[in-house]
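**Q** First the structure, then my questions, so here it is.
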Amino acid sequence: METVDDGLIVGEDGLARPAWAAIDELHREYYDTEWGMPIRDEQGLFERVSLEGFQAGLSWATVLRKRPRFREVFAGFDPDVVAGFGAAEVERLMADPGIIRNRQKIEATIGNAAATIALREDGGLVDLIWSFRPERTPAPRTMAEVAATSPESIALSKELRRRGFRFVGPTTMYALMQAVGIVDDHLVGSHRRGSSGVWAPGA
């Protein structure tokens with residue numbers, strides 16, 4: 001691998017990625033095929049909101065490694081199923097070493113499923129989250145230029161909390177916006193820059 005001046009790492013395949021995406025094959029695959037690609041379905045967005053919440057205070061690598069098990073025990077993150085989880089399901093999840101066993105985050109995910117269902121009467125989770133897309137995307141050249149929050153993520157966090165969601169702080173919501181293609185924070189020079197189809201390259 002070769003590190004170039006703007007902080008990107010060129011892999012053996014000749015493709016430039018930020019350092020975090022070049023750690024191992026799991027991260028490369030996630031970066032190349034998922035991170036920053038638009039997600040516009042309720043179940044997909046509920047999953048990402050949930051996983052970003054579980055990631056708070058931890059590394060994304062931990063979430064990626066445990067994601068298959070998360071999907072199993074949370075019924076594929078179907079809000080209608082998860083919203084029906086009760087005390088027995090919470091205890092079952094707390095005993096599962098395949099996920100992040102944090103009671104507050106587990107209970108928040110169940111509550112967030114109910115909040116997602118409630119949103120259907122007012123446009124739905126997808127329309128709400130995507131309504132906070134900024135007019136222009138960033139164009140960072142180094143990781144130091146990548147923001148941790150934005151005015152839009154702060155506003156989205158506030159609105160989701162008003163709607164009954166938990167573990168949706170401004171930093172967590174900015175990470176969500178990056179992950180689901182609402183902002184294009186691929187570094188200029190990365191092979192993924194502008195590839196989501198939402199933003200024009202270099203915009």
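The chains in the structure tokens are called A, B, ... from first to last as shown; in each chain the residues are counted from 1, and the ligands are counted from 1 in the order shown.
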If we count only C-alpha atoms and set the cut-off at 12 Å, which residues sit around Pro97 of chain A, ignoring sequence neighbours fewer than 2 positions away in its own chain? Please answer as a list of chain:residue names.
**A**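 The neighbour list is A:Lys66, A:Arg69, A:Phe70, A:Val73, A:Arg92, A:Leu93, A:Met94, A:Ala95, A:Ile99, A:Ile100, A:Arg101, A:Asn102.
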**Q** Write out as a list in words each polymer residue whose atoms come within 8 Å of Pro79 of chain A, counting only C-alpha atoms; drop sequence neighbours fewer than 4 positions from it.
**A**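 Within the cut-off, the hits are Gln43, Phe46, Ala83, Ala113, Ala114, Thr116 and Ile117 of chain A.
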**Q** Just want the 12 Å neighbourhood of Leu119 of chain A, counted on only C-alpha atoms, with same-chain residues fewer than 2 positions away dropped. Output as a list in words.
**A** Glu42, Phe46, Pro79, Asn112, Ala113, Ala114, Ala115, Thr116, Ile117, Glu121, Asp122, Gly123, Gly124, Leu125, Val126, Asp127, Leu128, Ile129, Glu159, Leu160, Arg162, Arg163, Gly164 and Phe165 of chain A
**Q** Where in segment 6-203 of chain A does DSSP assign strand (DSSP E), given as a list of chain:residue names?
**A**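 Here are the strand (DSSP E) residues of segment 6-203 of chain A: A:Leu8, A:Ile9, A:Val10, A:Ala16, A:Arg17, A:Pro18.
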**Q** Can I get the selected residues back with all heavy atoms, as a compact mmCIF listing (two decimals), in the first residue's frame?
**A**
```txt
# COMPACT_ATOMS: atom_id res chain seq x y z
N LEU A 8 -4.80 9.80 1.47
CA LEU A 8 -5.39 8.58 0.93
C LEU A 8 -4.35 7.47 0.87
O LEU A 8 -3.15 7.73 0.79
CB LEU A 8 -5.95 8.84 -0.47
CG LEU A 8 -7.13 9.80 -0.56
CD1 LEU A 8 -7.38 10.18 -2.01
CD2 LEU A 8 -8.38 9.19 0.04
N ILE A 9 -4.82 6.26 0.91
CA ILE A 9 -3.95 5.10 0.78
C ILE A 9 -4.33 4.36 -0.49
O ILE A 9 -5.51 4.03 -0.70
CB ILE A 9 -4.06 4.17 1.99
CG1 ILE A 9 -3.49 4.88 3.24
CG2 ILE A 9 -3.33 2.86 1.75
CD1 ILE A 9 -3.60 4.07 4.51
N VAL A 10 -3.37 4.14 -1.34
CA VAL A 10 -3.60 3.39 -2.58
C VAL A 10 -3.29 1.92 -2.30
O VAL A 10 -2.18 1.57 -1.92
CB VAL A 10 -2.71 3.92 -3.72
CG1 VAL A 10 -2.93 3.08 -4.98
CG2 VAL A 10 -3.01 5.39 -4.00
N ALA A 16 -7.63 4.27 -4.51
CA ALA A 16 -7.33 5.15 -3.38
C ALA A 16 -8.50 5.19 -2.40
O ALA A 16 -9.64 5.41 -2.80
CB ALA A 16 -7.02 6.56 -3.88
N ARG A 17 -8.18 4.97 -1.12
CA ARG A 17 -9.18 5.01 -0.06
C ARG A 17 -8.62 5.75 1.14
O ARG A 17 -7.40 5.78 1.31
CB ARG A 17 -9.56 3.58 0.38
CG ARG A 17 -10.05 2.66 -0.71
CD ARG A 17 -10.26 1.25 -0.16
NE ARG A 17 -10.74 0.32 -1.18
CZ ARG A 17 -9.95 -0.37 -2.00
NH1 ARG A 17 -8.61 -0.22 -1.92
NH2 ARG A 17 -10.46 -1.19 -2.89
N PRO A 18 -9.48 6.32 2.00
CA PRO A 18 -8.97 6.89 3.24
C PRO A 18 -8.42 5.79 4.13
O PRO A 18 -8.78 4.61 3.98
CB PRO A 18 -10.21 7.55 3.86
CG PRO A 18 -11.37 6.82 3.28
CD PRO A 18 -10.95 6.44 1.89
```
**Q** Give me, as a PDB file with N, CA, C and O atoms, in the first residue's frame, all polymer residues having an atom no more than 12 Å from Gly53 of chain A, counting only C-alpha atoms and skipping those fewer than 4 positions away in the same chain.
**A**
```
ATOM      1  N   PHE A  46     -33.787   2.439   9.194  1.00  0.00           N
ATOM      2  CA  PHE A  46     -33.935   2.085  10.606  1.00  0.00           C
ATOM      3  C   PHE A  46     -32.741   1.254  11.066  1.00  0.00           C
ATOM      4  O   PHE A  46     -32.230   1.454  12.172  1.00  0.00           O
ATOM      5  N   GLU A  47     -32.281   0.350  10.224  1.00  0.00           N
ATOM      6  CA  GLU A  47     -31.091  -0.431  10.575  1.00  0.00           C
ATOM      7  C   GLU A  47     -29.892   0.483  10.807  1.00  0.00           C
ATOM      8  O   GLU A  47     -29.165   0.342  11.797  1.00  0.00           O
ATOM      9  N   ARG A  48     -29.681   1.435   9.899  1.00  0.00           N
ATOM     10  CA  ARG A  48     -28.514   2.319  10.024  1.00  0.00           C
ATOM     11  C   ARG A  48     -28.625   3.222  11.245  1.00  0.00           C
ATOM     12  O   ARG A  48     -27.633   3.447  11.938  1.00  0.00           O
ATOM     13  N   VAL A  49     -29.807   3.742  11.519  1.00  0.00           N
ATOM     14  CA  VAL A  49     -29.999   4.544  12.726  1.00  0.00           C
ATOM     15  C   VAL A  49     -29.664   3.703  13.960  1.00  0.00           C
ATOM     16  O   VAL A  49     -28.981   4.158  14.887  1.00  0.00           O
ATOM     17  N   GLY A  57     -19.571   5.700  21.035  1.00  0.00           N
ATOM     18  CA  GLY A  57     -18.565   5.417  22.046  1.00  0.00           C
ATOM     19  C   GLY A  57     -17.682   4.227  21.735  1.00  0.00           C
ATOM     20  O   GLY A  57     -16.763   3.916  22.507  1.00  0.00           O
ATOM     21  N   LEU A  58     -17.944   3.555  20.630  1.00  0.00           N
ATOM     22  CA  LEU A  58     -17.169   2.378  20.240  1.00  0.00           C
ATOM     23  C   LEU A  58     -16.624   2.591  18.830  1.00  0.00           C
ATOM     24  O   LEU A  58     -16.840   3.617  18.209  1.00  0.00           O
ATOM     25  N   SER A  59     -15.913   1.599  18.321  1.00  0.00           N
ATOM     26  CA  SER A  59     -15.383   1.680  16.960  1.00  0.00           C
ATOM     27  C   SER A  59     -16.396   1.103  15.983  1.00  0.00           C
ATOM     28  O   SER A  59     -17.165   0.198  16.319  1.00  0.00           O
ATOM     29  N   TRP A  60     -16.378   1.622  14.748  1.00  0.00           N
ATOM     30  CA  TRP A  60     -17.277   1.086  13.728  1.00  0.00           C
ATOM     31  C   TRP A  60     -16.890  -0.345  13.377  1.00  0.00           C
ATOM     32  O   TRP A  60     -17.730  -1.146  12.979  1.00  0.00           O
ATOM     33  N   VAL A  63     -18.984  -2.745  15.267  1.00  0.00           N
ATOM     34  CA  VAL A  63     -20.330  -2.885  14.717  1.00  0.00           C
ATOM     35  C   VAL A  63     -20.308  -3.737  13.456  1.00  0.00           C
ATOM     36  O   VAL A  63     -21.153  -4.623  13.271  1.00  0.00           O
ATOM     37  N   ILE A 100     -23.638  -5.994  20.755  1.00  0.00           N
ATOM     38  CA  ILE A 100     -23.169  -5.064  21.781  1.00  0.00           C
ATOM     39  C   ILE A 100     -24.227  -5.056  22.876  1.00  0.00           C
ATOM     40  O   ILE A 100     -25.352  -4.595  22.668  1.00  0.00           O
ATOM     41  N   ASN A 102     -25.664  -3.572  25.555  1.00  0.00           N
ATOM     42  CA  ASN A 102     -25.869  -2.333  26.289  1.00  0.00           C
ATOM     43  C   ASN A 102     -27.376  -2.152  26.446  1.00  0.00           C
ATOM     44  O   ASN A 102     -28.085  -1.959  25.453  1.00  0.00           O
ATOM     45  N   GLN A 104     -29.320   0.184  27.632  1.00  0.00           N
ATOM     46  CA  GLN A 104     -29.913   1.444  27.180  1.00  0.00           C
ATOM     47  C   GLN A 104     -30.040   1.491  25.663  1.00  0.00           C
ATOM     48  O   GLN A 104     -31.051   1.957  25.124  1.00  0.00           O
ATOM     49  N   LYS A 105     -29.022   0.993  24.970  1.00  0.00           N
ATOM     50  CA  LYS A 105     -29.062   1.022  23.507  1.00  0.00           C
ATOM     51  C   LYS A 105     -30.072   0.012  22.961  1.00  0.00           C
ATOM     52  O   LYS A 105     -30.761   0.284  21.962  1.00  0.00           O
ATOM     53  N   ILE A 106     -30.174  -1.128  23.605  1.00  0.00           N
ATOM     54  CA  ILE A 106     -31.161  -2.122  23.182  1.00  0.00           C
ATOM     55  C   ILE A 106     -32.572  -1.571  23.367  1.00  0.00           C
ATOM     56  O   ILE A 106     -33.417  -1.655  22.453  1.00  0.00           O
ATOM     57  N   GLU A 107     -32.833  -1.004  24.532  1.00  0.00           N
ATOM     58  CA  GLU A 107     -34.162  -0.453  24.788  1.00  0.00           C
ATOM     59  C   GLU A 107     -34.454   0.741  23.882  1.00  0.00           C
ATOM     60  O   GLU A 107     -35.597   0.929  23.445  1.00  0.00           O
ATOM     61  N   ALA A 108     -33.413   1.526  23.581  1.00  0.00           N
ATOM     62  CA  ALA A 108     -33.604   2.652  22.665  1.00  0.00           C
ATOM     63  C   ALA A 108     -33.967   2.164  21.267  1.00  0.00           C
ATOM     64  O   ALA A 108     -34.811   2.772  20.591  1.00  0.00           O
ATOM     65  N   THR A 109     -33.349   1.080  20.814  1.00  0.00           N
ATOM     66  CA  THR A 109     -33.646   0.533  19.491  1.00  0.00           C
ATOM     67  C   THR A 109     -35.104   0.095  19.402  1.00  0.00           C
ATOM     68  O   THR A 109     -35.777   0.339  18.392  1.00  0.00           O
ATOM     69  N   ILE A 110     -35.598  -0.513  20.470  1.00  0.00           N
ATOM     70  CA  ILE A 110     -37.004  -0.932  20.502  1.00  0.00           C
ATOM     71  C   ILE A 110     -37.917   0.292  20.480  1.00  0.00           C
ATOM     72  O   ILE A 110     -38.898   0.347  19.729  1.00  0.00           O
ATOM     73  N   ASN A 112     -37.111   3.217  19.315  1.00  0.00           N
ATOM     74  CA  ASN A 112     -36.956   3.868  18.017  1.00  0.00           C
ATOM     75  C   ASN A 112     -37.778   3.166  16.937  1.00  0.00           C
ATOM     76  O   ASN A 112     -38.225   3.807  15.976  1.00  0.00           O
ATOM     77  N   SER A 157     -30.929  15.706  14.555  1.00  0.00           N
ATOM     78  CA  SER A 157     -30.894  15.130  15.894  1.00  0.00           C
ATOM     79  C   SER A 157     -32.018  15.695  16.756  1.00  0.00           C
ATOM     80  O   SER A 157     -32.746  14.952  17.437  1.00  0.00           O
ATOM     81  N   PHE A 165     -37.082   9.520  19.390  1.00  0.00           N
ATOM     82  CA  PHE A 165     -35.898   8.697  19.158  1.00  0.00           C
ATOM     83  C   PHE A 165     -34.830   8.979  20.216  1.00  0.00           C
ATOM     84  O   PHE A 165     -34.735  10.085  20.747  1.00  0.00           O
ATOM     85  N   ARG A 166     -34.008   7.961  20.476  1.00  0.00           N
ATOM     86  CA  ARG A 166     -32.885   8.087  21.415  1.00  0.00           C
ATOM     87  C   ARG A 166     -31.598   7.607  20.747  1.00  0.00           C
ATOM     88  O   ARG A 166     -31.633   6.902  19.747  1.00  0.00           O
ATOM     89  N   PHE A 167     -30.478   8.015  21.316  1.00  0.00           N
ATOM     90  CA  PHE A 167     -29.153   7.725  20.769  1.00  0.00           C
ATOM     91  C   PHE A 167     -29.041   8.244  19.334  1.00  0.00           C
ATOM     92  O   PHE A 167     -28.571   7.556  18.433  1.00  0.00           O
ATOM     93  N   VAL A 168     -29.476   9.463  19.159  1.00  0.00           N
ATOM     94  CA  VAL A 168     -29.441  10.108  17.848  1.00  0.00           C
ATOM     95  C   VAL A 168     -28.813  11.496  17.978  1.00  0.00           C
ATOM     96  O   VAL A 168     -29.352  12.481  17.457  1.00  0.00           O
ATOM     97  N   GLY A 169     -27.684  11.577  18.670  1.00  0.00           N
ATOM     98  CA  GLY A 169     -27.008  12.850  18.846  1.00  0.00           C
ATOM     99  C   GLY A 169     -26.476  13.409  17.541  1.00  0.00           C
ATOM    100  O   GLY A 169     -26.416  12.708  16.524  1.00  0.00           O
ATOM    101  N   PRO A 170     -26.071  14.674  17.516  1.00  0.00           N
ATOM    102  CA  PRO A 170     -25.609  15.321  16.282  1.00  0.00           C
ATOM    103  C   PRO A 170     -24.428  14.613  15.611  1.00  0.00           C
ATOM    104  O   PRO A 170     -24.400  14.513  14.380  1.00  0.00           O
ATOM    105  N   THR A 171     -23.467  14.122  16.400  1.00  0.00           N
ATOM    106  CA  THR A 171     -22.323  13.413  15.808  1.00  0.00           C
ATOM    107  C   THR A 171     -22.773  12.092  15.209  1.00  0.00           C
ATOM    108  O   THR A 171     -22.364  11.718  14.095  1.00  0.00           O
ATOM    109  N   THR A 172     -23.626  11.373  15.932  1.00  0.00           N
ATOM    110  CA  THR A 172     -24.160  10.106  15.427  1.00  0.00           C
ATOM    111  C   THR A 172     -24.962  10.330  14.160  1.00  0.00           C
ATOM    112  O   THR A 172     -24.865   9.552  13.200  1.00  0.00           O
ATOM    113  N   MET A 173     -25.728  11.406  14.109  1.00  0.00           N
ATOM    114  CA  MET A 173     -26.534  11.678  12.930  1.00  0.00           C
ATOM    115  C   MET A 173     -25.678  12.143  11.751  1.00  0.00           C
ATOM    116  O   MET A 173     -26.017  11.868  10.595  1.00  0.00           O
ATOM    117  N   TYR A 174     -24.572  12.803  12.026  1.00  0.00           N
ATOM    118  CA  TYR A 174     -23.692  13.153  10.904  1.00  0.00           C
ATOM    119  C   TYR A 174     -23.060  11.892  10.326  1.00  0.00           C
ATOM    120  O   TYR A 174     -22.943  11.752   9.101  1.00  0.00           O
ATOM    121  N   ALA A 175     -22.670  10.961  11.198  1.00  0.00           N
ATOM    122  CA  ALA A 175     -22.141   9.686  10.715  1.00  0.00           C
ATOM    123  C   ALA A 175     -23.187   8.951   9.884  1.00  0.00           C
ATOM    124  O   ALA A 175     -22.872   8.331   8.860  1.00  0.00           O
ATOM    125  N   LEU A 176     -24.439   9.034  10.305  1.00  0.00           N
ATOM    126  CA  LEU A 176     -25.523   8.429   9.530  1.00  0.00           C
ATOM    127  C   LEU A 176     -25.633   9.092   8.163  1.00  0.00           C
ATOM    128  O   LEU A 176     -25.745   8.405   7.131  1.00  0.00           O
TER     129      LEU A 176
END
```
**Q** Show me, as a Markdown table, the residues of segment 76-161 of chain A having an atom within 10 Å of segment 179-187 of chain A, each with the closest atom pair and its distance in Å, using only C-alpha atoms.
**A**
```
| residue | atom | partner | partner_atom | distance |
| --- | --- | --- | --- | --- |
| A:Ile129 | CA | A:Ile182 | CA | 8.8 |
| A:Trp130 | CA | A:Ile182 | CA | 6.8 |
| A:Ser131 | CA | A:Ile182 | CA | 9.4 |
| A:Phe132 | CA | A:Ile182 | CA | 8.2 |
| A:Arg133 | CA | A:Ile182 | CA | 5.5 |
| A:Pro134 | CA | A:Val183 | CA | 7.4 |
| A:Glu135 | CA | A:Val183 | CA | 9.6 |
| A:Arg136 | CA | A:Val183 | CA | 8.1 |
| A:Thr137 | CA | A:Val183 | CA | 5.3 |
| A:Pro138 | CA | A:Asp185 | CA | 6.1 |
| A:Ala139 | CA | A:Asp185 | CA | 6.7 |
| A:Pro140 | CA | A:Leu187 | CA | 5.2 |
| A:Arg141 | CA | A:Leu187 | CA | 5.1 |
| A:Thr142 | CA | A:Leu187 | CA | 6.4 |
| A:Met143 | CA | A:Leu187 | CA | 7.5 |
| A:Glu145 | CA | A:Leu187 | CA | 9.1 |
| A:Val146 | CA | A:Asp185 | CA | 6.8 |
| A:Ala147 | CA | A:Asp185 | CA | 8.8 |
```
**Q** Next, the residues of the selection above should be written as an mmCIF file, in the first residue's frame with C-alpha atoms.
**A**
```cif
data_model
loop_
_atom_site.group_PDB
_atom_site.id
_atom_site.type_symbol
_atom_site.label_atom_id
_atom_site.label_comp_id
_atom_site.auth_asym_id
_atom_site.auth_seq_id
_atom_site.Cartn_x
_atom_site.Cartn_y
_atom_site.Cartn_z
ATOM 1 C CA ILE A 129 -34.135 12.068 7.364
ATOM 2 C CA TRP A 130 -33.591 13.002 3.716
ATOM 3 C CA SER A 131 -35.288 16.364 4.243
ATOM 4 C CA PHE A 132 -32.132 17.407 6.119
ATOM 5 C CA ARG A 133 -29.871 16.952 3.102
ATOM 6 C CA PRO A 134 -27.734 20.087 2.714
ATOM 7 C CA GLU A 135 -27.785 22.157 -0.450
ATOM 8 C CA ARG A 136 -24.136 21.343 -1.120
ATOM 9 C CA THR A 137 -21.917 18.441 -0.163
ATOM 10 C CA PRO A 138 -18.486 18.887 1.460
ATOM 11 C CA ALA A 139 -15.338 18.330 -0.604
ATOM 12 C CA PRO A 140 -12.737 17.241 1.970
ATOM 13 C CA ARG A 141 -9.183 16.535 0.835
ATOM 14 C CA THR A 142 -7.944 15.114 4.149
ATOM 15 C CA MET A 143 -9.609 13.415 7.103
ATOM 16 C CA GLU A 145 -11.263 18.415 6.899
ATOM 17 C CA VAL A 146 -14.101 15.959 7.518
ATOM 18 C CA ALA A 147 -16.620 17.451 9.932
#
```
**Q** In Å to one decimal, how far is atom CA of Leu51 of chain A from atom CA of Phe77 of chain A?
**A**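 Between atom CA of Phe77 of chain A and atom CA of Leu51 of chain A the gap is 9.8 Å.
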**Q** What is the distance between atom CA of Tyr30 of chain A and atom CA of Arg161 of chain A, in Å to one decimal?
**A** 28.4 Å
**Q** Write out as number ranges by chain all residues of segment 50-153 of chain A that DSSP puts in alpha helix (DSSP H) for this structure's backbone.
**A** A: 50-55, 60-73, 79-82, 87-94, 103-119, 124-130, 151-153
**Q** Quick check, in Å to one decimal: how far apart do atom CA of Ser50 of chain A and atom CA of Thr149 of chain A lie?
**A**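 So the answer is 18.2 Å.
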